[in-house]
Amino acid sequence: MTSPLHLLQTRLEQGIHIAFGNEVSVPGPLIVPASQAKFGDYQSNICLPLAKTLAQDGSKPPSPRELAHRLVENLQVEDICEPVEIAGPGFLNFRLRTPYLETILRQRLGGDRLGIEPTHPPRRVVVDFSSPNIAKEMHVGHLRSTIIGDCIARILEFQGHGVLRLNHVGDWGTQFGLLIAYLKEVYPDALETADALDLGDLVTFYKQAKQRFDQDPEFQTAARQEVVHLQQGDATSTKAWQLLCDQSRREFEKIYQTLDICLEERGESFYNPFLPAVVADLETLGLLVVDQGAKVVFLEGFTNKDGQPQPLIIQKSDGGYNYATTDLAALRYRINQDGADWLIYVTDVGQSSHFAQVFQVARRAGWLPDSIQVEHIPFGLVLGEGGKRLKTRSGETIRLKDLLGEAVHRAKTDLEERLKSEDRQESPDFINQVAQVIGIGAVKYADLSQNRNSNYVFSYDKMLSLQGNTAPYLIYAYVRVQGITRKGEIDVNDLDLGKLQLRDETELLLGKHLVQLEETLNLVATELLPNRLCQYLFELSQKFNQFYDRCPILAADEPVRTSRLSLAHLTAKTLKLGLSLLGIATVDRM
Ligand code: ARG
């Protein structure tokens, strides 16, 4: 089924061609959701640019209002809309007809996908997200990348695209030289036996090793030597490296499990064999320049402090490769081996110029044809309540495990208090399960509901509140519907959808909102802004609550009762699907 927006778009296009000839080209979006309710449900300003287009042969430009009249005469939308309204200088306002809405709503209730068909043809997309670094703690920046990347992947998967979810783990580089050299001295066991340390120890050892490195020239030599051993594939070093990676991986895995994240690990080390070819090919293409012993590509449009072109270092003077070199190799691999035609990278905004530079070099090398879409999806910082970067009281970076644990713990406390005040008895299993869903859902939603480009303030109190644009508020709307069907002992599969009718004003508003799911998802998939879906679901919950406050459901007489039950059921299905695309689970009672 196509969305009303899409359908109207097609009809408008046809109308324009009938009214003004097949050859007129019409720029930009033909029709968009109305900015205000008084303009109806959708509006089109197309007659304004159209007047300019039609006057291009030098003739006197027709008035947009006149064009609007001609267009409306040739427009066939009676089955979808009330008579189209012409407003102001030539704007068109569309109001959906209630019977049309009712038909769409009945169809939506039919299946799990709510009438939304997969996109044709599907694309092959790589979403590179999460990507923490071995031997370092995963921090809140990685949490944002994980939550946003997973949501984008879920939406594109739902649309039917082939999505490869890649975890570009930082599992290579000088940090291993430091760590191995240091552990050899202080804790050699860790390099030979599995489980000798956990990630916390590893992080501490890494900090100590870094300190040694900065102070002790002899240690520096030893550490560099270790990097060389590792690069040469020395068996002992490789084993030590693997153990270190395993330890970190186990910790990351726990976080992914808590967050219900699916990811394929393909770390930086995976691309090692392909790095020499990147250098060689850039050399053959004549893009590589030797600058102070390093092999670099001079960038266009990036200058240093003195206004000189900035180089992107491809191979350092000691022969080592950089983060950017690996990303160039990865980009080639993803296009050529994985067959991707859309590459998405989810990292903080601090890496924007890194990606712009990598994309530029890849374009100039001819590795990135125009047919391939590449996008860096940046996001802002997570701030503490004081407006500074989120830290513990003692100024340490917060460990994700603790942060998520705290959210669940607080959700549980809130729930227990509520149960007490309502004099309700629930089993520990119930309490734990609800607290888990609410706590984790709240953290994810707090992140996703902000425009990802801005920083946001992390507040447990706000994100766990049952009021406002929060996960608990949305989940509660879902729970309300479950409560109704439970109380009325309704089998939702038996509802006679033929009875669905929008009578009350609140029903109409809810119905109109329900049919906008598909166009909202299309918008999110284009802009890659999950907050639009959050906003949609928040408004849906509000409209449902207004309907619920005004319209009795179980107490109503037939056929109104069944009609309202169907509307409530469709709301619940839409909420559940929408939340699942955000990576958020639901509960039936809370
Ligand atoms: N490991 C990097 C970091 O922690 C993120 C990697 C992002 N992906 C990429 N292809 N560069 O900052």
# chains A, B, ... in the order shown; residues from 1 in each chain; ligands from 1
>>> residues_near_ligand(ligand="ligand 1", cutoff="7 Å", atoms="only C-alpha atoms and all ligand atoms", output="PyMOL selection string")
chain A and resi 128-129+131-133+142+168-170+327+345-347
>>> residues_around(residues="Leu164 (chain A)", least_positions_apart="3", cutoff="8 Å", atoms="only C-alpha atoms", output="list in words")
Arg124, Val125, Val126, Val127 and Glu264 of chain A
>>> residues_around(residues="Ser3 (chain A)", least_positions_apart="4", cutoff="7 Å", atoms="only C-alpha atoms", output="PyMOL selection string")
chain A and resi 7+518-519
>>> write_last_selection(atoms="N, CA, C and O atoms", output="short mmCIF file (atom, residue, chain, number, x, y, z; two decimals), in the first residue's frame")
data_model
loop_
_atom_site.label_atom_id
_atom_site.label_comp_id
_atom_site.auth_asym_id
_atom_site.auth_seq_id
_atom_site.Cartn_x
_atom_site.Cartn_y
_atom_site.Cartn_z
N LEU A 7 0.55 8.82 -2.72
CA LEU A 7 -0.56 8.74 -3.67
C LEU A 7 -0.90 10.13 -4.21
O LEU A 7 -1.07 10.34 -5.41
N GLU A 518 3.92 5.44 7.47
CA GLU A 518 4.79 5.10 6.34
C GLU A 518 5.58 6.31 5.85
O GLU A 518 6.78 6.22 5.61
N GLU A 519 4.91 7.45 5.73
CA GLU A 519 5.64 8.62 5.25
C GLU A 519 6.67 9.09 6.27
O GLU A 519 7.72 9.61 5.90
#
>>> residues_around(residues="Lys512 (chain A)", least_positions_apart="6", cutoff="12 Å", atoms="only C-alpha atoms", output="PyMOL selection string")
chain A and resi 3-5+33+37+40-42+95-105+502+505-506+536+539-540+543-544+567+571
>>> residues_around(residues="Val186 (chain A)", least_positions_apart="3", cutoff="12 Å", atoms="only C-alpha atoms", output="list in words")
Leu179, Ile180, Ala181, Tyr182, Leu183, Asp189, Ala190, Leu191, Phe205, Tyr206, Gln208 and Ala209 of chain A
>>> closest_residue(among="A:Ile484, A:Cys245, A:Ile80, A:Ile372", to="Gly339 (chain A)", atoms="only C-alpha atoms")
A:Ile372
>>> atom_distance(atom1="CA of Gln482 (chain A)", atom2="CA of Leu554 (chain A)")
12.6 Å
>>> residues_around(residues="Cys534 (chain A)", least_positions_apart="5", cutoff="8 Å", atoms="only C-alpha atoms", output="list in words")
Tyr445, Leu448 and Ser449 of chain A
>>> residues_around(residues="Asp447 (chain A)", least_positions_apart="3", cutoff="12 Å", atoms="only C-alpha atoms", output="ChimeraX atom specification")
/A:140-141,143-149,151,379-383,440-444,450-460,462-463,469-471,529-531,534,582-584
>>> closest_residue(among="A:Ile134, A:Leu48, A:Ala356, A:Leu509", to="Gln546 (chain A)", atoms="only C-alpha atoms")
A:Leu509
>>> select_by_dssp(residues="region 106-228 of chain A", states="helix (DSSP H, G or I)", output="ChimeraX atom specification")
/A:106-108,140-158,174-186,188-191,199-215,217-228
>>> closest_residue(among="A:Gln76, A:Gln516, A:Ser541, A:Gln436", to="Gln467 (chain A)", atoms="only C-alpha atoms")
A:Ser541
>>> select_by_dssp(residues="region 356-500 of chain A", states="strand (DSSP E or B)", output="list in words")
Gln373, Val374, Glu375, His376, Ile377, Pro378, Phe379, Val382, Leu383, Arg389, Tyr456 and Val457 of chain A
>>> write_last_selection(atoms="all heavy atoms", output="compact mmCIF listing (two decimals), in the first residue's frame")
# COMPACT_ATOMS: atom_id res chain seq x y z
N GLN A 373 26.40 6.04 -2.55
CA GLN A 373 26.09 7.09 -1.59
C GLN A 373 26.93 6.88 -0.33
O GLN A 373 26.93 5.78 0.23
CB GLN A 373 24.59 6.98 -1.27
CG GLN A 373 24.04 8.07 -0.42
CD GLN A 373 22.53 7.88 -0.19
OE1 GLN A 373 21.88 7.10 -0.89
NE2 GLN A 373 21.99 8.57 0.79
N VAL A 374 27.67 7.89 0.09
CA VAL A 374 28.41 7.77 1.35
C VAL A 374 27.96 8.88 2.29
O VAL A 374 27.74 10.01 1.87
CB VAL A 374 29.94 7.88 1.21
CG1 VAL A 374 30.52 6.66 0.56
CG2 VAL A 374 30.34 9.14 0.50
N GLU A 375 27.85 8.54 3.55
CA GLU A 375 27.38 9.53 4.50
C GLU A 375 28.01 9.34 5.85
O GLU A 375 28.03 8.23 6.39
CB GLU A 375 25.86 9.36 4.71
CG GLU A 375 25.05 10.17 3.76
CD GLU A 375 23.60 9.81 3.82
OE1 GLU A 375 23.25 8.66 3.48
OE2 GLU A 375 22.82 10.68 4.20
N HIS A 376 28.54 10.42 6.39
CA HIS A 376 28.92 10.40 7.79
C HIS A 376 27.72 10.93 8.57
O HIS A 376 27.20 11.99 8.27
CB HIS A 376 30.14 11.31 8.03
CG HIS A 376 30.46 11.46 9.48
ND1 HIS A 376 30.79 12.66 10.06
CD2 HIS A 376 30.49 10.54 10.47
CE1 HIS A 376 31.00 12.46 11.35
NE2 HIS A 376 30.83 11.20 11.63
N ILE A 377 27.26 10.16 9.53
CA ILE A 377 26.12 10.55 10.35
C ILE A 377 26.67 11.00 11.70
O ILE A 377 26.96 10.18 12.57
CB ILE A 377 25.17 9.34 10.54
CG1 ILE A 377 24.64 8.88 9.18
CG2 ILE A 377 24.02 9.66 11.47
CD1 ILE A 377 23.94 9.98 8.41
N PRO A 378 26.84 12.30 11.86
CA PRO A 378 27.48 12.78 13.09
C PRO A 378 26.47 12.93 14.23
O PRO A 378 25.26 12.96 13.99
CB PRO A 378 28.00 14.16 12.67
CG PRO A 378 27.09 14.61 11.59
CD PRO A 378 26.49 13.38 10.93
N PHE A 379 26.99 12.99 15.44
CA PHE A 379 26.13 13.30 16.58
C PHE A 379 26.92 14.09 17.61
O PHE A 379 28.14 14.06 17.62
CB PHE A 379 25.54 12.02 17.18
CG PHE A 379 26.58 10.98 17.55
CD1 PHE A 379 27.32 11.08 18.71
CD2 PHE A 379 26.79 9.90 16.70
CE1 PHE A 379 28.27 10.11 19.04
CE2 PHE A 379 27.74 8.93 17.02
CZ PHE A 379 28.48 9.04 18.19
N VAL A 382 27.19 13.87 24.88
CA VAL A 382 26.28 13.61 25.99
C VAL A 382 26.80 14.43 27.17
O VAL A 382 27.96 14.30 27.56
CB VAL A 382 26.28 12.12 26.38
CG1 VAL A 382 25.25 11.87 27.47
CG2 VAL A 382 26.02 11.25 25.17
N LEU A 383 25.95 15.31 27.69
CA LEU A 383 26.37 16.18 28.78
C LEU A 383 25.78 15.74 30.11
O LEU A 383 24.70 15.13 30.14
CB LEU A 383 25.93 17.61 28.49
CG LEU A 383 26.38 18.21 27.16
CD1 LEU A 383 25.77 19.58 26.96
CD2 LEU A 383 27.90 18.28 27.09
N ARG A 389 30.61 17.77 29.83
CA ARG A 389 30.70 16.37 29.43
C ARG A 389 30.35 15.44 30.59
O ARG A 389 30.75 15.68 31.73
CB ARG A 389 32.15 16.04 29.04
CG ARG A 389 32.39 16.02 27.55
CD ARG A 389 33.88 15.87 27.33
NE ARG A 389 34.26 16.27 25.99
CZ ARG A 389 34.34 15.42 24.96
NH1 ARG A 389 34.08 14.13 25.13
NH2 ARG A 389 34.68 15.85 23.77
N TYR A 456 23.13 16.58 24.13
CA TYR A 456 21.96 16.49 25.01
C TYR A 456 22.38 16.20 26.43
O TYR A 456 23.45 15.65 26.69
CB TYR A 456 20.94 15.48 24.48
CG TYR A 456 21.22 14.03 24.81
CD1 TYR A 456 20.64 13.42 25.92
CD2 TYR A 456 22.05 13.28 23.99
CE1 TYR A 456 20.90 12.09 26.20
CE2 TYR A 456 22.30 11.95 24.28
CZ TYR A 456 21.72 11.36 25.38
OH TYR A 456 21.98 10.05 25.66
N VAL A 457 21.52 16.62 27.34
CA VAL A 457 21.81 16.46 28.76
C VAL A 457 21.23 15.14 29.25
O VAL A 457 20.05 14.86 29.05
CB VAL A 457 21.22 17.64 29.56
CG1 VAL A 457 21.42 17.43 31.05
CG2 VAL A 457 21.84 18.95 29.09
>>> closest_residue(among="A:Tyr271, A:Phe39, A:Phe252, A:Trp342", to="Val163 (chain A)", atoms="only C-alpha atoms")
A:Trp342
>>> atom_distance(atom1="CA of Leu508 (chain A)", atom2="CA of Lys573 (chain A)")
17.8 Å
>>> atom_distance(atom1="CA of Val349 (chain A)", atom2="CA of Ser130 (chain A)")
14.0 Å
